[in-house]
file start.cif (mmCIF, C-alpha atoms)
data_run
#
loop_
_atom_site.label_atom_id
_atom_site.label_comp_id
_atom_site.auth_asym_id
_atom_site.auth_seq_id
_atom_site.Cartn_x
_atom_site.Cartn_y
_atom_site.Cartn_z
CA MET B 293 0.00 0.00 0.00
CA SER B 294 1.48 3.32 -0.99
CA VAL B 295 0.65 6.76 0.31
CA SER B 296 0.92 9.89 -1.75
CA ILE B 297 1.13 13.38 -0.26
CA THR B 298 0.81 16.52 -2.33
CA PHE B 299 1.80 19.99 -1.10
CA ASP B 300 0.50 23.21 -2.54
CA TRP B 301 2.54 26.22 -1.39
CA ASP B 302 0.77 29.49 -0.99
CA GLU B 303 3.74 31.71 -1.75
CA GLY B 304 1.68 34.82 -1.11
CA ALA B 305 0.93 33.65 2.44
CA ILE B 306 4.57 32.72 3.04
CA ASN B 307 5.71 36.11 1.77
CA ARG B 308 3.20 37.84 4.07
CA LEU B 309 4.65 35.94 7.05
CA LEU B 310 8.16 37.05 6.10
CA SER B 311 7.32 40.55 4.90
CA ALA B 312 9.22 43.42 6.45
CA GLU B 313 7.70 45.11 9.50
CA SER B 314 4.20 43.67 9.26
CA GLY B 315 4.96 39.96 8.94
CA LEU B 316 4.49 37.58 11.84
CA VAL B 317 8.07 36.30 11.62
CA HIS B 318 9.49 39.84 11.54
CA ARG B 319 7.40 40.89 14.56
CA LYS B 320 8.49 37.83 16.57
CA ILE B 321 12.17 38.36 15.74
CA ARG B 322 11.84 42.05 16.74
CA GLU B 323 10.20 41.04 20.04
CA VAL B 324 12.97 38.55 20.85
CA THR B 325 15.68 41.01 19.75
CA GLU B 326 14.30 43.76 22.04
CA ASN B 327 14.03 41.28 24.91
CA VAL B 328 17.67 40.24 24.46
CA ALA B 329 18.75 43.90 24.29
CA ASP B 330 16.88 44.65 27.53
CA ARG B 331 18.66 41.76 29.27
CA CYS B 332 22.04 42.96 27.92
CA ARG B 333 21.36 46.47 29.26
CA VAL B 334 20.59 45.08 32.71
CA LEU B 335 23.75 42.95 32.72
CA ALA B 336 26.12 45.60 31.29
CA PRO B 337 28.51 47.22 33.76
CA ASN B 338 27.20 50.63 34.77
CA ARG B 339 30.14 52.83 35.73
CA ASP B 340 28.83 55.86 33.85
CA GLY B 341 25.88 54.43 31.90
CA ARG B 342 27.50 54.88 28.49
CA LEU B 343 27.79 51.16 27.76
CA ARG B 344 24.19 50.44 28.76
CA GLY B 345 22.98 53.38 26.73
CA SER B 346 24.92 52.27 23.67
CA ILE B 347 23.13 48.93 23.24
CA LYS B 348 21.01 49.06 20.09
CA THR B 349 18.92 46.70 17.98
CA ALA B 350 18.20 46.19 14.30
CA VAL B 351 16.04 43.66 12.47
CA ARG B 352 16.79 43.03 8.82
CA SER B 353 15.09 40.90 6.19
CA SER B 354 16.91 39.44 3.24
CA GLY B 355 15.19 36.94 1.02
CA ASP B 356 13.82 34.21 3.24
CA GLN B 357 15.79 35.26 6.34
CA VAL B 358 14.87 37.65 9.12
CA VAL B 359 17.80 38.42 11.44
CA GLY B 360 17.83 40.37 14.70
CA HIS B 361 21.00 42.19 15.76
CA VAL B 362 21.88 43.42 19.25
CA TYR B 363 25.06 45.50 19.37
CA SER B 364 27.00 48.33 20.93
CA ASP B 365 28.82 50.85 18.78
CA LEU B 366 31.29 51.74 21.54
CA ASP B 367 34.84 50.68 20.73
CA TYR B 368 35.50 49.35 24.23
CA SER B 369 32.41 47.11 24.46
CA LEU B 370 34.35 44.25 22.85
CA TYR B 371 37.09 44.58 25.50
CA VAL B 372 34.49 44.43 28.29
CA GLN B 373 32.91 41.37 26.66
CA ARG B 374 36.12 39.42 25.96
CA GLY B 375 38.51 40.77 28.60
CA THR B 376 41.95 42.26 28.08
CA GLY B 377 45.54 41.43 28.89
CA LEU B 378 46.09 38.15 30.74
CA TYR B 379 42.33 37.57 30.77
CA GLY B 380 41.76 38.38 27.10
CA PRO B 381 42.09 36.34 23.92
CA LEU B 382 45.88 36.73 23.72
CA GLY B 383 46.57 35.88 27.38
CA GLN B 384 49.45 38.38 27.61
CA PRO B 385 49.96 41.31 30.01
CA ILE B 386 49.45 44.77 28.55
CA ARG B 387 52.77 46.52 27.93
CA PRO B 388 53.57 49.91 26.38
CA ARG B 389 54.10 49.96 22.62
CA ARG B 390 56.16 53.13 22.74
CA GLY B 391 58.06 54.40 25.74
CA ALA B 392 58.90 52.65 28.97
CA PHE B 393 55.59 53.09 30.83
CA LEU B 394 51.86 52.91 30.40
CA VAL B 395 50.34 56.13 31.72
CA PHE B 396 46.70 56.35 32.82
CA GLU B 397 44.38 57.87 35.41
CA ALA B 398 43.07 55.73 38.28
CA GLY B 399 41.34 57.00 41.38
CA GLY B 400 42.07 60.59 40.41
CA GLN B 401 45.82 60.00 40.22
CA THR B 402 48.22 59.50 37.33
CA VAL B 403 49.66 55.97 37.30
CA PHE B 404 52.87 54.85 35.56
CA ALA B 405 53.26 51.09 35.01
CA ARG B 406 55.58 48.85 32.99
CA GLU B 407 52.71 46.38 32.50
CA VAL B 408 49.21 45.66 33.74
CA ARG B 409 47.34 42.38 34.04
CA GLY B 410 44.22 43.58 32.20
CA THR B 411 40.53 43.14 32.94
CA PRO B 412 38.64 39.85 33.24
CA PRO B 413 35.88 39.32 30.69
CA ASN B 414 32.31 40.31 31.49
CA PRO B 415 30.30 38.48 28.82
CA PHE B 416 27.17 40.60 29.39
CA MET B 417 26.09 40.35 25.72
CA LEU B 418 26.33 36.55 25.61
CA ASP B 419 24.64 36.28 29.01
CA GLY B 420 21.91 38.66 27.83
CA LEU B 421 21.39 36.55 24.71
CA ARG B 422 21.07 33.41 26.82
CA ALA B 423 18.67 35.11 29.26
CA GLY B 424 16.52 36.81 26.62
CA SER B 425 16.28 34.20 23.88
CA PRO B 426 13.60 31.52 23.87
CA TRP B 427 15.95 29.35 21.81
CA PRO B 428 19.12 27.49 22.90
CA VAL B 429 22.31 29.55 22.60
CA VAL B 430 25.72 28.04 21.94
CA ALA B 431 28.82 30.24 21.98
CA LEU B 432 31.19 29.64 19.10
CA PRO B 433 34.93 29.85 19.79
CA GLY B 434 36.70 33.04 18.83
#

call {"tool": "encode", "arguments": {"input": "start.cif", "output": "structure tokens"}}
result
Amino acid sequence: MSVSITFDWDEGAINRLLSAESGLVHRKIREVTENVADRCRVLAPNRDGRLRGSIKTAVRSSGDQVVGHVYSDLDYSLYVQRGTGLYGPLGQPIRPRRGAFLVFEAGGQTVFAREVRGTPPNPFMLDGLRAGSPWPVVALPG
């Protein structure tokens, strides 16, 4: 005994689901993206509020894909996320490139150092993604 199944695709209905802004898929991805961004803002370090305030979202459609983006446009957000120096991807202390000392302000005073250990990672964006996404999240190396 054989069974035959025939599918008729309603491309118009599929396109309406995927259509920009008004489509069901686009609305759901925007909802999840905003939820993830809210979680990232809560988890971001809040020394002066700049990092929290820099977290933005975008939802883009291309063909049959709808992708949500959560990002910060601050240069240092990557260093907060991944860590620096001994704690960062290279695992090396931070040393001056030119001159004998690193010079920076700490606690209202000028500090001179031959090297510093760096800052441990604070993966607030990955943690926010895990907390705000209804789907499983796996971090890729790198």

call {"tool": "resolve_selection", "arguments": {"input": "start.cif", "expression": "the PyMOL selection byres ((chain B and resi 400-407) around 12)", "output": "list in words"}}
result
Gly377, Leu378, Gln384, Pro385, Ile386, Arg387, Pro388, Arg389, Arg390, Gly391, Ala392, Phe393, Leu394, Val395, Phe396, Glu397, Ala398, Gly399, Val408, Arg409 and Gly410 of chain B

call {"tool": "closest_residue", "arguments": {"input": "start.cif", "among": "B:Leu421, B:Ile297, B:Leu432, B:Val358", "to": "Asp330 (chain B)", "atoms": "all atoms listed in the file"}}
result
B:Leu421

call {"tool": "axis_aligned_box", "arguments": {"input": "start.cif", "around": "region 414-426 of chain B", "padding_each_side": "6 Å", "output": "JSON"}}
result
{"center_x": 23.0, "center_y": 36.1, "center_z": 27.7, "size_x": 30.7, "size_y": 21.1, "size_z": 19.6}

call {"tool": "resolve_selection", "arguments": {"input": "start.cif", "expression": "the PyMOL selection byres ((chain B and resi 381) around 12)", "output": "PyMOL selection string"}}
result
chain B and resi 370-380+382-385+410-413+433-434

call {"tool": "atom_distance", "arguments": {"input": "start.cif", "atom1": "CA of Pro415 (chain B)", "atom2": "CA of Arg352 (chain B)"}}
result
24.6 Å

call {"tool": "residues_around", "arguments": {"input": "start.cif", "residues": "Phe416 (chain B)", "least_positions_apart": "6", "cutoff": "10 Å", "atoms": "all atoms listed in the file", "output": "MDAnalysis selection string"}}
result
chainID B and resid 331:337 369 372:374 422

call {"tool": "residues_near_point", "arguments": {"input": "start.cif", "point": "(14.7, 43.8, 14.7)", "cutoff": "10 Å", "atoms": "only C-alpha atoms", "output": "list in words"}}
result
Ala312, Glu313, His318, Arg319, Lys320, Ile321, Arg322, Glu323, Val324, Thr325, Glu326, Lys348, Thr349, Ala350, Val351, Arg352, Ser353, Val358, Val359, Gly360, His361 and Val362 of chain B

call {"tool": "atom_distance", "arguments": {"input": "start.cif", "atom1": "CA of Asp367 (chain B)", "atom2": "CA of Asn338 (chain B)"}}
result
16.0 Å

call {"tool": "closest_residue", "arguments": {"input": "start.cif", "among": "B:Ser364, B:Val430, B:Gln357, B:Asn327", "to": "Gly345 (chain B)", "atoms": "all atoms listed in the file"}}
result
B:Ser364

call {"tool": "atom_distance", "arguments": {"input": "start.cif", "atom1": "CA of Ala329 (chain B)", "atom2": "CA of Tyr363 (chain B)"}}
result
8.2 Å

call {"tool": "closest_residue", "arguments": {"input": "start.cif", "among": "B:Val429, B:Asp356, B:Gly424, B:Leu366", "to": "Arg308 (chain B)", "atoms": "all atoms listed in the file"}}
result
B:Asp356

call {"tool": "closest_residue", "arguments": {"input": "start.cif", "among": "B:Ile347, B:Gly355, B:Asp340, B:Val328", "to": "Leu418 (chain B)", "atoms": "all atoms listed in the file"}}
result
B:Val328
